[in-house]
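Shown next: model-v5.cif, given as mmCIF, C-alpha atoms and all ligand atoms.
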data_work
loop_
_atom_site.label_atom_id
_atom_site.label_comp_id
_atom_site.auth_asym_id
_atom_site.auth_seq_id
_atom_site.Cartn_x
_atom_site.Cartn_y
_atom_site.Cartn_z
CA MET A 1 102.41 139.20 75.44
CA THR A 2 106.20 139.31 75.07
CA ILE A 3 108.36 136.21 75.06
CA SER A 4 111.97 137.28 74.53
CA GLY A 5 115.17 135.30 74.81
CA ALA A 6 115.26 136.29 78.48
CA ALA A 7 111.77 134.96 79.24
CA ILE A 8 111.20 133.05 82.49
CA VAL A 9 109.76 129.65 81.62
CA GLY A 10 107.54 127.66 83.96
CA GLY A 11 105.12 124.85 83.35
CA VAL A 12 103.09 121.89 84.50
CA CYS A 13 103.95 118.26 84.07
CA GLY A 14 101.55 115.31 84.14
CA GLN A 15 100.31 112.38 82.09
CA PRO A 16 97.89 113.16 80.57
CA ILE A 17 98.14 116.96 80.72
CA ARG A 18 95.85 117.98 77.86
CA HIS A 19 92.92 118.93 80.15
CA SER A 20 94.95 120.85 82.74
CA MET A 21 93.62 124.34 83.45
CA SER A 22 96.99 125.51 84.81
CA PRO A 23 98.49 126.86 81.53
CA ILE A 24 95.45 129.06 80.89
CA LEU A 25 95.36 130.39 84.46
CA HIS A 26 99.09 131.06 84.82
CA ASN A 27 99.35 132.67 81.38
CA ALA A 28 96.40 134.94 82.24
CA TRP A 29 98.38 136.11 85.29
CA ILE A 30 101.57 136.48 83.22
CA GLN A 31 99.75 138.61 80.68
CA ALA A 32 98.06 140.79 83.31
CA ALA A 33 101.38 141.32 85.11
CA GLY A 34 103.11 142.17 81.82
CA LEU A 35 105.85 139.61 82.48
CA ASP A 36 108.35 138.41 79.92
CA ALA A 37 107.45 134.81 80.72
CA ALA A 38 105.55 131.70 79.66
CA TYR A 39 103.91 128.68 81.34
CA VAL A 40 103.72 125.55 79.23
CA PRO A 41 102.38 121.97 79.54
CA PHE A 42 104.65 118.89 79.52
CA ALA A 43 103.58 115.26 79.27
CA PRO A 44 106.72 113.13 79.59
CA ALA A 45 106.41 109.39 79.02
CA ALA A 46 105.63 107.73 82.34
CA ASP A 47 108.87 105.71 82.32
CA ARG A 48 110.98 108.81 81.47
CA PHE A 49 109.90 111.17 84.25
CA GLU A 50 113.24 111.14 86.08
CA THR A 51 115.19 111.68 82.84
CA PHE A 52 112.90 114.56 81.99
CA ILE A 53 113.45 116.23 85.37
CA ASP A 54 117.21 115.74 85.25
CA GLY A 55 117.29 117.37 81.80
CA LEU A 56 115.82 120.54 83.29
CA ARG A 57 118.45 120.85 86.03
CA GLY A 58 120.47 124.05 85.89
CA GLY A 59 117.70 126.33 84.77
CA ALA A 60 116.09 125.22 81.47
CA VAL A 61 112.89 126.10 83.29
CA ARG A 62 112.55 128.06 86.54
CA GLY A 63 109.80 125.93 88.05
CA LEU A 64 107.37 123.17 87.30
CA ASN A 65 104.05 122.20 88.78
CA VAL A 66 103.59 118.43 88.96
CA THR A 67 100.34 116.55 88.81
CA ILE A 68 99.01 112.98 88.51
CA PRO A 69 100.76 110.52 88.34
CA PHE A 70 104.15 112.09 89.15
CA LYS A 71 103.77 113.84 92.54
CA GLU A 72 105.49 111.15 94.63
CA ARG A 73 108.27 110.64 92.09
CA ALA A 74 108.83 114.42 91.96
CA LEU A 75 109.53 114.47 95.69
CA ALA A 76 111.84 111.47 95.40
CA ARG A 77 113.85 113.10 92.58
CA ALA A 78 114.35 116.43 94.35
CA ASP A 79 117.49 117.24 96.34
CA THR A 80 115.74 119.28 99.04
CA ALA A 81 112.12 119.52 100.13
CA SER A 82 109.89 121.69 102.31
CA ASP A 83 108.41 120.24 105.51
CA LEU A 84 105.01 120.23 103.86
CA ALA A 85 106.19 118.22 100.84
CA ARG A 86 107.99 115.76 103.12
CA MET A 87 104.95 115.35 105.37
CA ALA A 88 102.61 115.05 102.39
CA GLY A 89 104.93 112.48 100.79
CA ALA A 90 104.46 114.26 97.48
CA ALA A 91 105.43 117.44 95.61
CA ASN A 92 103.28 119.50 93.26
CA LEU A 93 106.01 122.09 92.68
CA LEU A 94 109.66 121.74 91.70
CA ILE A 95 111.99 124.74 91.63
CA PHE A 96 115.16 124.41 89.53
CA ASN A 97 118.13 126.24 91.05
CA PRO A 98 121.00 127.64 88.93
CA ASP A 99 123.45 125.23 90.66
CA GLY A 100 121.58 122.24 89.21
CA SER A 101 119.75 121.27 92.38
CA VAL A 102 115.98 120.81 92.57
CA HIS A 103 113.77 121.87 95.47
CA ALA A 104 110.38 120.23 96.08
CA ASP A 105 107.39 121.93 97.64
CA ASN A 106 103.70 121.20 98.04
CA THR A 107 101.11 123.96 97.65
CA ASP A 108 98.04 121.68 97.62
CA GLY A 109 97.68 121.91 101.40
CA PRO A 110 98.01 125.71 101.55
CA GLY A 111 95.51 125.81 98.67
CA LEU A 112 93.05 123.79 100.75
CA LEU A 113 93.49 126.14 103.74
CA SER A 114 93.08 129.24 101.57
CA ALA A 115 89.93 127.80 99.99
CA ILE A 116 88.44 127.26 103.46
CA ALA A 117 89.43 130.78 104.54
CA ILE A 118 87.74 132.26 101.44
CA GLN A 119 84.54 130.20 101.30
CA ALA A 120 84.07 129.63 105.07
CA PRO A 121 85.52 132.84 106.55
CA GLY A 122 86.25 132.77 110.26
CA PHE A 123 86.50 128.98 110.42
CA ASP A 124 89.18 127.81 112.88
CA VAL A 125 90.74 124.42 112.02
CA ALA A 126 91.91 124.05 115.63
CA ALA A 127 88.44 124.53 117.14
CA ALA A 128 86.94 121.07 116.50
CA PRO A 129 87.93 117.64 115.17
CA VAL A 130 88.45 117.12 111.43
CA VAL A 131 87.14 114.08 109.54
CA ILE A 132 88.81 113.23 106.24
CA LEU A 133 87.11 110.72 103.95
CA GLY A 134 89.75 108.94 101.87
CA ALA A 135 93.38 107.99 102.46
CA GLY A 136 95.10 108.59 99.11
CA GLY A 137 97.61 111.26 98.14
CA ALA A 138 95.14 114.14 98.44
CA ALA A 139 94.13 113.05 101.96
CA ARG A 140 97.76 112.82 103.03
CA GLY A 141 98.49 116.34 101.78
CA ALA A 142 95.41 117.62 103.59
CA VAL A 143 96.46 115.99 106.88
CA ALA A 144 99.93 117.57 106.60
CA ALA A 145 98.54 121.07 106.00
CA LEU A 146 95.89 120.78 108.70
CA LEU A 147 98.44 119.66 111.30
CA LEU A 148 100.78 122.53 110.40
CA ALA A 149 97.78 124.89 110.69
CA GLY A 150 97.12 123.68 114.24
CA ALA A 151 94.45 120.99 113.89
CA LEU A 152 94.23 119.08 117.17
CA ARG A 153 92.58 115.87 115.99
CA VAL A 154 92.22 114.50 112.46
CA THR A 155 90.44 111.20 111.80
CA VAL A 156 90.94 109.47 108.45
CA VAL A 157 88.05 107.25 107.37
CA ASN A 158 88.67 105.00 104.41
CA ARG A 159 87.04 102.07 102.63
CA THR A 160 90.36 100.23 102.97
CA LEU A 161 91.13 100.66 106.67
CA ALA A 162 94.72 99.42 106.30
CA ARG A 163 95.48 102.33 103.97
CA ALA A 164 94.13 104.82 106.53
CA GLN A 165 96.26 103.12 109.17
CA ASP A 166 99.38 103.49 106.97
CA LEU A 167 98.67 107.20 106.72
CA VAL A 168 98.19 107.51 110.48
CA ASP A 169 101.46 105.70 111.12
CA ALA A 170 103.26 108.38 109.10
CA PHE A 171 101.85 111.24 111.19
CA GLY A 172 101.71 110.24 114.84
CA THR A 173 99.59 111.24 117.77
CA LYS A 174 97.01 113.72 116.47
CA VAL A 175 95.88 111.56 113.56
CA PHE A 176 93.58 108.53 113.85
CA ALA A 177 92.18 105.90 111.48
CA ALA A 178 88.59 104.71 111.56
CA ALA A 179 86.33 102.41 109.60
CA GLU A 180 83.25 103.74 107.81
CA ALA A 181 81.07 102.23 110.57
CA ALA A 182 82.43 104.83 113.02
CA LEU A 183 81.23 107.76 110.89
CA PRO A 184 77.94 108.59 112.68
CA HIS A 185 79.80 109.10 115.96
CA LEU A 186 82.68 111.02 114.33
CA LEU A 187 80.40 113.31 112.35
CA ALA A 188 78.49 114.31 115.48
CA GLU A 189 81.52 116.19 116.79
CA ALA A 190 83.23 117.21 113.54
CA GLY A 191 84.08 120.85 112.81
CA LEU A 192 85.28 120.09 109.29
CA VAL A 193 84.47 117.17 106.97
CA ILE A 194 86.52 116.74 103.78
CA ASN A 195 85.82 114.41 100.88
CA ALA A 196 89.27 113.35 99.68
CA THR A 197 88.01 110.23 97.91
CA SER A 198 87.40 110.15 94.17
CA LEU A 199 83.69 109.47 94.80
CA GLY A 200 81.59 112.03 92.91
CA LEU A 201 84.30 112.64 90.28
CA GLY A 202 82.60 112.95 86.91
CA GLY A 203 79.15 112.96 88.55
CA GLY A 204 77.37 110.43 90.72
CA ASP A 205 77.13 110.13 94.48
CA GLY A 206 79.80 111.27 96.93
CA PRO A 207 80.64 109.41 100.14
CA ALA A 208 77.59 108.13 102.02
CA ALA A 209 78.26 110.16 105.19
CA ASP A 210 75.09 111.51 106.86
CA LEU A 211 76.06 115.19 106.99
CA SER A 212 72.93 116.13 108.94
CA ARG A 213 74.62 114.56 111.99
CA THR A 214 77.35 117.24 112.00
CA PRO A 215 77.03 120.30 114.25
CA GLU A 216 75.24 123.19 112.51
CA THR A 217 78.51 125.15 112.49
CA ALA A 218 80.41 122.44 110.61
CA VAL A 219 82.13 123.16 107.30
CA VAL A 220 82.00 120.55 104.52
CA MET A 221 84.60 120.49 101.75
CA ASP A 222 84.80 118.42 98.58
CA MET A 223 88.15 118.14 96.80
CA VAL A 224 86.35 116.95 93.67
CA TYR A 225 85.69 119.86 91.30
CA LYS A 226 84.33 118.10 88.22
CA PRO A 227 81.40 118.65 88.49
CA LEU A 228 81.67 121.81 90.55
CA ARG A 229 78.39 121.25 92.38
CA THR A 230 78.99 117.71 93.56
CA GLU A 231 76.26 115.60 95.09
CA PHE A 232 78.22 115.67 98.38
CA LEU A 233 78.33 119.49 98.50
CA GLN A 234 74.67 119.75 97.47
CA ARG A 235 73.82 117.48 100.41
CA ALA A 236 75.90 119.69 102.71
CA ARG A 237 74.17 122.85 101.50
CA SER A 238 70.70 121.30 101.78
CA THR A 239 71.40 120.58 105.46
CA GLY A 240 72.52 124.19 105.96
CA ARG A 241 76.24 123.52 106.29
CA ARG A 242 78.85 125.86 104.82
CA ALA A 243 80.38 124.29 101.71
CA VAL A 244 83.88 124.70 100.23
CA ASP A 245 84.46 123.47 96.67
CA GLY A 246 87.47 121.75 95.12
CA LEU A 247 87.83 124.39 92.42
CA GLU A 248 88.73 127.01 95.01
CA MET A 249 91.46 124.67 96.32
CA LEU A 250 92.79 124.14 92.80
CA LEU A 251 92.88 127.89 92.14
CA ARG A 252 94.48 128.78 95.47
CA GLN A 253 97.29 126.20 95.19
CA ALA A 254 98.29 127.93 91.95
CA GLU A 255 99.00 131.28 93.66
CA PRO A 256 102.08 130.28 95.72
CA SER A 257 103.31 128.23 92.75
CA PHE A 258 103.18 131.30 90.49
CA GLU A 259 105.04 133.42 93.04
CA ALA A 260 107.73 130.76 93.52
CA ILE A 261 108.30 130.43 89.77
CA TYR A 262 108.03 134.06 88.59
CA GLY A 263 109.08 135.93 91.74
CA VAL A 264 105.95 138.08 91.97
CA ALA A 265 102.49 137.45 93.38
CA PRO A 266 99.76 136.87 90.78
CA PRO A 267 97.87 140.07 89.96
CA ALA A 268 94.79 140.25 92.18
CA ASP A 269 92.61 141.79 89.47
CA VAL A 270 92.48 138.63 87.32
CA ASP A 271 89.28 136.70 88.05
CA VAL A 272 90.76 133.22 87.68
CA ARG A 273 87.63 131.63 89.13
CA ALA A 274 85.56 133.13 86.32
CA ILE A 275 88.09 131.82 83.78
CA ALA A 276 88.00 128.36 85.37
CA LEU A 277 84.20 128.30 85.54
CA LYS A 278 84.07 129.06 81.82
CA LEU A 279 86.54 126.25 81.10
CA LEU A 280 84.39 123.90 83.17
CA GLY A 281 81.26 125.02 81.32
CA GLU A 282 79.84 126.39 84.58
CA ASP A 283 79.56 130.05 83.63
P1 LIG B 301 93.89 108.34 95.21
O1 LIG B 301 95.26 108.41 95.79
O2 LIG B 301 93.63 107.45 94.05
O3 LIG B 301 92.88 107.97 96.41
C1 LIG B 301 91.51 107.72 96.13
C2 LIG B 301 90.74 107.58 97.44
O4 LIG B 301 89.35 107.40 97.10
C3 LIG B 301 91.13 106.36 98.28
O5 LIG B 301 91.00 106.68 99.66
C4 LIG B 301 90.09 105.32 97.86
O6 LIG B 301 89.82 104.35 98.85
C5 LIG B 301 88.87 106.20 97.73
N1 LIG B 301 87.84 105.58 96.86
C6 LIG B 301 87.91 105.41 95.52
N2 LIG B 301 86.78 104.78 95.09
C7 LIG B 301 86.02 104.54 96.20
C8 LIG B 301 84.75 103.93 96.42
N3 LIG B 301 84.05 103.43 95.38
N4 LIG B 301 84.25 103.88 97.66
C9 LIG B 301 84.96 104.40 98.71
N5 LIG B 301 86.18 104.99 98.57
C10 LIG B 301 86.70 105.06 97.32
O7 LIG B 301 93.42 109.80 94.71
P2 LIG B 301 93.90 111.23 95.25
O8 LIG B 301 95.03 111.71 94.43
O9 LIG B 301 94.05 111.12 96.73
O10 LIG B 301 92.64 112.16 94.86
C11 LIG B 301 91.39 112.03 95.52
C12 LIG B 301 90.42 113.07 94.97
O11 LIG B 301 90.88 114.39 95.27
C13 LIG B 301 90.27 113.00 93.45
O12 LIG B 301 88.91 113.18 93.14
C14 LIG B 301 91.09 114.18 92.96
O13 LIG B 301 90.61 114.70 91.73
C15 LIG B 301 90.87 115.19 94.08
N6 LIG B 301 91.92 116.21 94.20
C16 LIG B 301 91.57 117.51 94.09
C17 LIG B 301 92.51 118.49 94.22
C18 LIG B 301 92.11 119.94 94.10
O14 LIG B 301 92.97 120.83 93.95
N7 LIG B 301 90.83 120.24 94.19
C19 LIG B 301 93.86 118.18 94.45
C20 LIG B 301 94.20 116.81 94.58
C21 LIG B 301 93.22 115.83 94.45
P3 LIG B 301 90.68 102.97 98.89
O15 LIG B 301 91.97 103.29 99.60
O16 LIG B 301 89.80 102.06 99.68
O17 LIG B 301 90.87 102.52 97.48
#
If you convert what's in this file into structure tokens, what do you get?
Ligand code: NAP
Amino acid sequence: MTISGAAIVGGVCGQPIRHSMSPILHNAWIQAAGLDAAYVPFAPAADRFETFIDGLRGGAVRGLNVTIPFKERALARADTASDLARMAGAANLLIFNPDGSVHADNTDGPGLLSAIAIQAPGFDVAAAPVVILGAGGAARGAVAALLLAGALRVTVVNRTLARAQDLVDAFGTKVFAAAEAALPHLLAEAGLVINATSLGLGGGDGPAADLSRTPETAVVMDMVYKPLRTEFLQRARSTGRRAVDGLEMLLRQAEPSFEAIYGVAPPADVDVRAIALKLLGED
């Protein structure tokens, strides 16, 4: 691996960042592509995020992925933003232009759509209603991507109904809010059910939705990827539904980020899922 004075530098920024898989994945791609480049972790102090970003203006780094807790502040600090980042209300990618300006983008939503295309091939997001469990940042990004992909009806179900309603207010006519009590009826006609809550993270039960009520053709996705085989996805599989895991989403959001930072697509022959499974102790 060569890192010369002309190396392209990218990275990921979060707090904490120690457990991020992104440096290992991106550097595996850099190495396989033979690039003169590096991808490094940054953990700025929470109250210094804006100062940190401003210090990078003008090209100290080419691009930066952004993760918890900075995604909303990254969008706010940028000078321009993609439609997806604006709709999602958050950015997971900042590109630093030579003129000092910063452009915000969001690849989480495209990552979600790619994960569905890979693990549930042939699924059409426009064919049947979508039910999203949760109304936090991940849910908002998912709604944005699904609408841009042609979803006709997305219902957000959340423990705190007012938060789901806030999300709906930001999106307009194709998005609805519902209380958990409405789930049996919603599931009966759902084409896609997504867990975007933090339930199941670190083990334990996922959302208490009765997945056996969904049509047999329904696809069930869990954004949680630690553990990989969540209780929610195991329930989906045991009822015969196609399951899409959160790791695939995490891996697929990295691809457009890599291309935006380094100017080339990641080499297809690197098995990043195998690398990630090893890191998760799932190999
Ligand atoms: P967030 O903004 O903190 O939102 C958390 C959501 O979970 C809220 O809707 C919250 O409901 C709900 N929730 C939490 N505890 C609950 C409980 N005990 N019962 C019912 N609902 C509960 O988090 P986020 O950033 O949206 O992330 C959500 C999940 O997605 C996390 O597990 C995160 O790791 C995952 N994620 C994965 C990827 C990926 O690439 N795979 C990317 C982004 C996020 P209330 O509003 O009622 O509190």
Could you list, as a compact mmCIF listing (two decimals) with C-alpha atoms, in the frame of the given file, all the residues within 6 Å of ligand LIG 301 (chain B), counting only C-alpha atoms and all ligand atoms?
# COMPACT_ATOMS: atom_id res chain seq x y z
CA GLY A 134 89.75 108.94 101.87
CA ALA A 135 93.38 107.99 102.46
CA GLY A 136 95.10 108.59 99.11
CA GLY A 137 97.61 111.26 98.14
CA ALA A 138 95.14 114.14 98.44
CA ALA A 139 94.13 113.05 101.96
CA ASN A 158 88.67 105.00 104.41
CA ARG A 159 87.04 102.07 102.63
CA THR A 160 90.36 100.23 102.97
CA ARG A 163 95.48 102.33 103.97
CA ALA A 196 89.27 113.35 99.68
CA THR A 197 88.01 110.23 97.91
CA SER A 198 87.40 110.15 94.17
CA LEU A 199 83.69 109.47 94.80
CA LEU A 201 84.30 112.64 90.28
CA MET A 223 88.15 118.14 96.80
CA VAL A 224 86.35 116.95 93.67
CA TYR A 225 85.69 119.86 91.30
CA GLY A 246 87.47 121.75 95.12
CA LEU A 247 87.83 124.39 92.42
CA MET A 249 91.46 124.67 96.32
CA LEU A 250 92.79 124.14 92.80
Need to verify the contact set: region 267-277 of chain A, 12 Å, all atoms listed in the file, exclusion of same-chain residues closer than 4 positions in sequence. Can you return it as a VMD selection string? chain A and resid 19 to 35 115 225 to 229 245 to 252 254 to 255 258 to 259 262 281 to 283
Quick one: residues within 9 Å of Ala43 (chain A), all atoms listed in the file counted, chain neighbours fewer than 6 positions away excluded, as a ChimeraX atom specification? /A:12-18
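The spacing separating CA of Ala182 (chain A) from CA of Phe123 (chain A) amounts to 24.6 Å.
Straight-line separation from CA of Val61 (chain A) to CA of Gly141 (chain A): 25.4 Å.
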With distances taken over all atoms listed in the file, which of A:Ala145, A:Gly122, A:Met87, A:Thr239 is nearest to Gly109 (chain A)? A:Ala145
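Interatomic distance, CA of Ser212 (chain A) against CA of Thr155 (chain A): 18.4 Å.
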Using all atoms listed in the file, which protein or nucleic acid residues come within 9 Å of Asp99 (chain A)? Drop anything in the same chain fewer than 4 positions from it, and give the result as a ChimeraX atom specification. /A:57-59
Of the residues A:Ala218, A:Val175, A:Ala60, A:Ala46, which is the one nearest to Ala7 (chain A), using all atoms listed in the file? A:Ala60
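Across A:Leu187, A:Ala265, A:Val143, A:Leu93, the tightest approach to Leu75 (chain A) is made by A:Leu93 when counting all atoms listed in the file.
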With all atoms listed in the file as the counted atoms, please give the residues lying no more than 7 Å from Arg241 (chain A), apart from itself and same-chain residues fewer than 3 positions off, as a PyMOL selection string. chain A and resi 216-220+236-237
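You can rank A:Arg62, A:Arg77, A:Leu94, A:Val154 by their closest distance to Ala142 (chain A) using only C-alpha atoms, and at the top of that list sits A:Val154.
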Is it possible to get the axis-aligned box enclosing region 276-280 of chain A (all listed atoms, 6 Å extra per side) as AutoDock Vina command-line options, with centre and edge lengths in Å rounded to one decimal?
--center_x 86.0 --center_y 126.5 --center_z 83.3 --size_x 15.9 --size_y 17.2 --size_z 16.4
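Candidate residues A:Leu147, A:Ala243, A:Val131, A:Ala91 were compared for distance to Gly191 (chain A), and the nearest is A:Val131, using all atoms listed in the file.
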Ref. answer, residues at most 9 Å from (108.6, 129.7, 80.9) with only C-alpha atoms, as a VMD selection string: chain A and resid 3 7 to 11 36 to 40 60 to 63 261 to 262
